[in-house]
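Engineer: One structure, as structure tokens, below. Some questions next.
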Amino acid sequence: MQWFEQLPYLVGQICLLFAVIATKAIVTRLSEVEPLQAFAFFCQQLAKKVNKPAQNSPNQQVISGFVAILITICPIVIILWLFADFILIPELWQAMLLFFALGGFGVKRQSLKMAQAIKGQNTYQAKQDAQRLLLRKTDNLSSLGLTKANIEAQILHFLQQQFVVALLFLSFGALSALSYRLLLVMHQQWNIKQPDFNDFGQPIHRLINLITWLPSRLLGIMMLLTSIGQNFLLKWRLARGHFFKLNNDFVIHLFALNLGVCLGGVAMYQDTKLRRVSFNESAKPSEISDVINASKQVLTLQLFSMVIIGFICALAIVS
């Protein structure tokens with residue numbers, strides 16, 4: 001692959017990214033099996049061994065959570081880093097790591113399937129479809145709760161499992177992207193919204209928020225740019241209070257404003273009611289049509305991201 005090595009580094013990375021995205025999209029179309037399910041299962045079993053809320057103090061649980069991150073991620077990263085020296089074609093190795101790091105592209109199909117089930121008043125099937133995207137149980141969710149949770153899941157899936165992964169790959173390489181994705185799986189399994197992980201999940205929660213802060217702000221700015229001519233300045237004034245917060249509120253609020261619906265609010269985790277921030281409270285509740293509109297907006301952001309990356313690639317070639 002000498003021709004590939006002759007390309008500027010950034011151009012080569014962008015070409016590799018687009019190739020892996022296309023491959024991932026095709027594979028996701030054929031199978032919805034998540035490659036990191038085994039790692040998620042490992043994280044669940046590890047938490048059962050070391051997370052003892054009834055026995056340990058909050059500080060001890062925080063320390064246990066921090067140690068669990070180190071003993072899980074460090075050996076994997078070191079092994080992958082050392083193994084790279086034995087690979088004859090580094091580009092294929094990078095592509096494989098990126099393939100595992102990228103989230104699937106089947107969210108739109110699952111969301112539309114859920115929307116159709118709700119429209120057909122097949123609530124049980126809608127809850128089953130929604131469960132694949134959500135961390136919390138869907139048994140007690142109404143149609144309104146299902147649509148709202150799905151809309152939030154769509155934008156967060158794109159942000160956390162695709163947008164951030166792509167930026168890390170282009171900036172620091174495939175190993176950093178995969179390392180982040182493994183950390184994200186830990187964050188999902190040890191989510192602090194679940195009472196059992198209020199303290200144990202704090203270290204990974206803060207680490208993920210720190211890593212995703214800048215990418216989420218870049219995505220928020222892109223969302224604002226796509227709404228130029230549609231109360232652009234008003235949306236900025238309404239959402240700017242969340243800009244410097246170390247969470248995803250900025251992106252979720254802008255998404256709610258772009259869709260014209262209310263997001264956030266009360267949610268149930270492990271039979272415990274969690275009061276979250278509400279976004280765009282004066283807007284109407286989410287409906288089935290908003291799930292479809294959310295999918296369209298996420299697709300717009302995906303295409304917009306690829307156009308920007310392609311433009312950067314063109315500049316790199318010209319220069």
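Each chain of the structure tokens is named A, B, ... in the order shown, its residues numbered from 1; ligands are numbered from 1 in display order.
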If DSSP is run on the backbone, what residues of region 202-303 of chain A are helix (DSSP H, G or I)? A reply as an mmCIF file with C-alpha atoms, in the first residue's frame would be ideal.
Structural biologist:
```
data_model
loop_
_atom_site.group_PDB
_atom_site.id
_atom_site.type_symbol
_atom_site.label_atom_id
_atom_site.label_comp_id
_atom_site.auth_asym_id
_atom_site.auth_seq_id
_atom_site.Cartn_x
_atom_site.Cartn_y
_atom_site.Cartn_z
ATOM 1 C CA GLN A 202 -18.382 8.854 39.461
ATOM 2 C CA PRO A 203 -14.773 8.506 38.144
ATOM 3 C CA ILE A 204 -15.787 7.144 34.729
ATOM 4 C CA HIS A 205 -18.693 9.612 34.536
ATOM 5 C CA ARG A 206 -16.380 12.593 35.021
ATOM 6 C CA LEU A 207 -13.739 11.185 32.671
ATOM 7 C CA ILE A 208 -16.228 10.675 29.817
ATOM 8 C CA ASN A 209 -17.701 14.144 30.325
ATOM 9 C CA LEU A 210 -14.194 15.608 30.204
ATOM 10 C CA ILE A 211 -13.298 13.775 26.976
ATOM 11 C CA THR A 212 -16.567 14.642 25.236
ATOM 12 C CA TRP A 213 -16.803 18.279 26.362
ATOM 13 C CA LEU A 214 -15.049 19.868 23.371
ATOM 14 C CA PRO A 215 -16.566 17.538 20.719
ATOM 15 C CA SER A 216 -20.056 18.127 22.130
ATOM 16 C CA ARG A 217 -19.546 21.890 21.880
ATOM 17 C CA LEU A 218 -18.364 21.530 18.284
ATOM 18 C CA LEU A 219 -21.453 19.451 17.514
ATOM 19 C CA GLY A 220 -23.627 22.070 19.195
ATOM 20 C CA ILE A 221 -22.142 24.785 16.998
ATOM 21 C CA MET A 222 -22.845 22.631 13.940
ATOM 22 C CA MET A 223 -26.445 22.271 15.098
ATOM 23 C CA LEU A 224 -26.698 26.043 15.354
ATOM 24 C CA LEU A 225 -25.258 26.454 11.858
ATOM 25 C CA PHE A 232 -30.530 31.039 15.208
ATOM 26 C CA LEU A 233 -29.727 33.768 17.766
ATOM 27 C CA LEU A 234 -32.697 32.913 19.980
ATOM 28 C CA LYS A 235 -31.600 29.274 20.185
ATOM 29 C CA TRP A 236 -28.086 30.359 21.143
ATOM 30 C CA ARG A 237 -29.391 32.646 23.895
ATOM 31 C CA LEU A 238 -31.610 29.894 25.288
ATOM 32 C CA ALA A 239 -28.893 27.206 25.270
ATOM 33 C CA ARG A 240 -25.733 29.183 26.084
ATOM 34 C CA GLY A 241 -26.254 28.731 29.830
ATOM 35 C CA HIS A 242 -25.265 25.073 29.365
ATOM 36 C CA ASP A 249 -27.026 19.493 28.310
ATOM 37 C CA PHE A 250 -25.890 21.992 25.656
ATOM 38 C CA VAL A 251 -26.385 19.500 22.809
ATOM 39 C CA ILE A 252 -29.661 18.078 24.143
ATOM 40 C CA HIS A 253 -31.124 21.568 24.652
ATOM 41 C CA LEU A 254 -30.215 22.624 21.105
ATOM 42 C CA PHE A 255 -31.657 19.394 19.728
ATOM 43 C CA ALA A 256 -34.895 20.039 21.624
ATOM 44 C CA LEU A 257 -35.020 23.587 20.224
ATOM 45 C CA ASN A 258 -34.370 22.411 16.659
ATOM 46 C CA LEU A 259 -37.152 19.828 16.923
ATOM 47 C CA ILE A 288 -44.202 9.879 16.795
ATOM 48 C CA SER A 289 -43.452 12.358 14.003
ATOM 49 C CA ASP A 290 -40.702 13.900 16.147
ATOM 50 C CA VAL A 291 -38.867 10.560 16.253
ATOM 51 C CA ILE A 292 -38.773 10.616 12.451
ATOM 52 C CA ASN A 293 -37.705 14.280 12.401
ATOM 53 C CA ALA A 294 -34.962 13.507 14.921
ATOM 54 C CA SER A 295 -33.621 10.769 12.627
ATOM 55 C CA LYS A 296 -33.579 13.234 9.732
ATOM 56 C CA GLN A 297 -31.723 15.844 11.791
ATOM 57 C CA VAL A 298 -29.131 13.313 12.936
ATOM 58 C CA LEU A 299 -28.633 12.277 9.300
ATOM 59 C CA THR A 300 -28.156 15.949 8.397
ATOM 60 C CA LEU A 301 -25.504 16.289 11.106
ATOM 61 C CA GLN A 302 -23.760 13.131 9.884
ATOM 62 C CA LEU A 303 -23.626 14.440 6.312
#
```
Engineer: So that I can check the surroundings of Ala25 (chain A), please list as a PyMOL selection string every protein, DNA and RNA residue that reaches within 8 Å of it, counting only C-alpha atoms and ignoring chain neighbours fewer than 3 positions away.
Structural biologist: chain A and resi 21-22+28-29+104-106
Engineer: Take the residues from that selection and write them out as a short mmCIF file (atom, residue, chain, number, x, y, z; two decimals), in the first residue's frame, keeping C-alpha atoms.
Structural biologist:
```
data_model
loop_
_atom_site.label_atom_id
_atom_site.label_comp_id
_atom_site.auth_asym_id
_atom_site.auth_seq_id
_atom_site.Cartn_x
_atom_site.Cartn_y
_atom_site.Cartn_z
CA ILE A 21 -17.72 4.20 8.05
CA ALA A 22 -18.94 2.65 4.79
CA THR A 28 -24.75 -2.94 10.64
CA ARG A 29 -27.30 -3.38 7.89
CA GLY A 104 -23.39 1.12 14.66
CA PHE A 105 -25.52 2.87 12.04
CA GLY A 106 -28.75 1.01 12.77
#
```
Engineer: For Asp139 (chain A), find every residue with an atom within 9 Å (counting only C-alpha atoms), except residues of its own chain fewer than 4 positions away, and show them as a ChimeraX atom specification.
Structural biologist: /A:124,127-128,131
Engineer: Return the single residue from A:Leu82, A:Leu17, A:Leu10, A:Val27 that is closest to Leu98 (chain A), with distances computed using only C-alpha atoms.
Structural biologist: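 Once distances to Leu98 (chain A) are computed over only C-alpha atoms, the minimum belongs to A:Leu17.
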Engineer: Using only C-alpha atoms for the distances, tell me which of A:Ile89, A:Leu170, A:Tyr9, A:Cys43 is nearest to Ile309 (chain A).
Structural biologist: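 Of the candidates, the smallest distance to Ile309 (chain A) is held by A:Leu170.
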Engineer: Identify, on the basis of only C-alpha atoms, every residue whose closest approach to region 179-188 of chain A does not exceed 8 Å; exclude the query and any residue fewer than 2 positions from it along the same chain; express the result as a PyMOL selection string.
Structural biologist: chain A and resi 36+39-40+43+69+73+77+101-102+135+160-161+165+175-177+190-191+201+204-205+208
Engineer: Which one is closest to Met96 (chain A): A:Phe42, A:Ile192, A:Glu32, A:Leu80? Count only C-alpha atoms.
Structural biologist: A:Leu80
Engineer: Could you tell me how far CA of Val62 (chain A) lies from CA of Phe200 (chain A), in Å and to one decimal?
Structural biologist: 4.8 Å
Engineer: Determine, counting only C-alpha atoms, which protein, DNA and RNA residues have an atom within 9 Å of an atom of Ser143 (chain A); residues of the same chain fewer than 5 positions away are not included. Present the result as a list in words.
Structural biologist: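 In the requested form, the answer reads Ile118, Thr123, Ala126, Lys127, Lys148, Glu287 and Ile288 of chain A.
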Engineer: Keeping N, CA and C atoms, export the residues of the selection given above as a PDB file, in the first residue's frame.
Structural biologist:
```
ATOM      1  N   ILE A 118     -45.504   2.049  17.833  1.00  0.00           N
ATOM      2  CA  ILE A 118     -46.355   2.943  18.626  1.00  0.00           C
ATOM      3  C   ILE A 118     -47.576   3.362  17.816  1.00  0.00           C
ATOM      4  N   THR A 123     -47.647  -1.507  21.887  1.00  0.00           N
ATOM      5  CA  THR A 123     -46.778  -0.921  22.907  1.00  0.00           C
ATOM      6  C   THR A 123     -45.675  -1.876  23.343  1.00  0.00           C
ATOM      7  N   ALA A 126     -42.926  -1.845  20.822  1.00  0.00           N
ATOM      8  CA  ALA A 126     -42.248  -0.548  20.877  1.00  0.00           C
ATOM      9  C   ALA A 126     -41.261  -0.503  22.040  1.00  0.00           C
ATOM     10  N   LYS A 127     -41.654  -1.058  23.174  1.00  0.00           N
ATOM     11  CA  LYS A 127     -40.765  -1.077  24.340  1.00  0.00           C
ATOM     12  C   LYS A 127     -39.566  -1.988  24.098  1.00  0.00           C
ATOM     13  N   LYS A 148     -39.732  10.400  23.744  1.00  0.00           N
ATOM     14  CA  LYS A 148     -38.767  11.349  24.301  1.00  0.00           C
ATOM     15  C   LYS A 148     -37.420  10.685  24.556  1.00  0.00           C
ATOM     16  N   GLU A 287     -43.830  13.592  19.915  1.00  0.00           N
ATOM     17  CA  GLU A 287     -44.792  12.720  19.254  1.00  0.00           C
ATOM     18  C   GLU A 287     -44.049  11.743  18.341  1.00  0.00           C
ATOM     19  N   ILE A 288     -44.804  10.861  17.704  1.00  0.00           N
ATOM     20  CA  ILE A 288     -44.202   9.879  16.795  1.00  0.00           C
ATOM     21  C   ILE A 288     -43.468  10.573  15.654  1.00  0.00           C
TER      22      ILE A 288
END
```
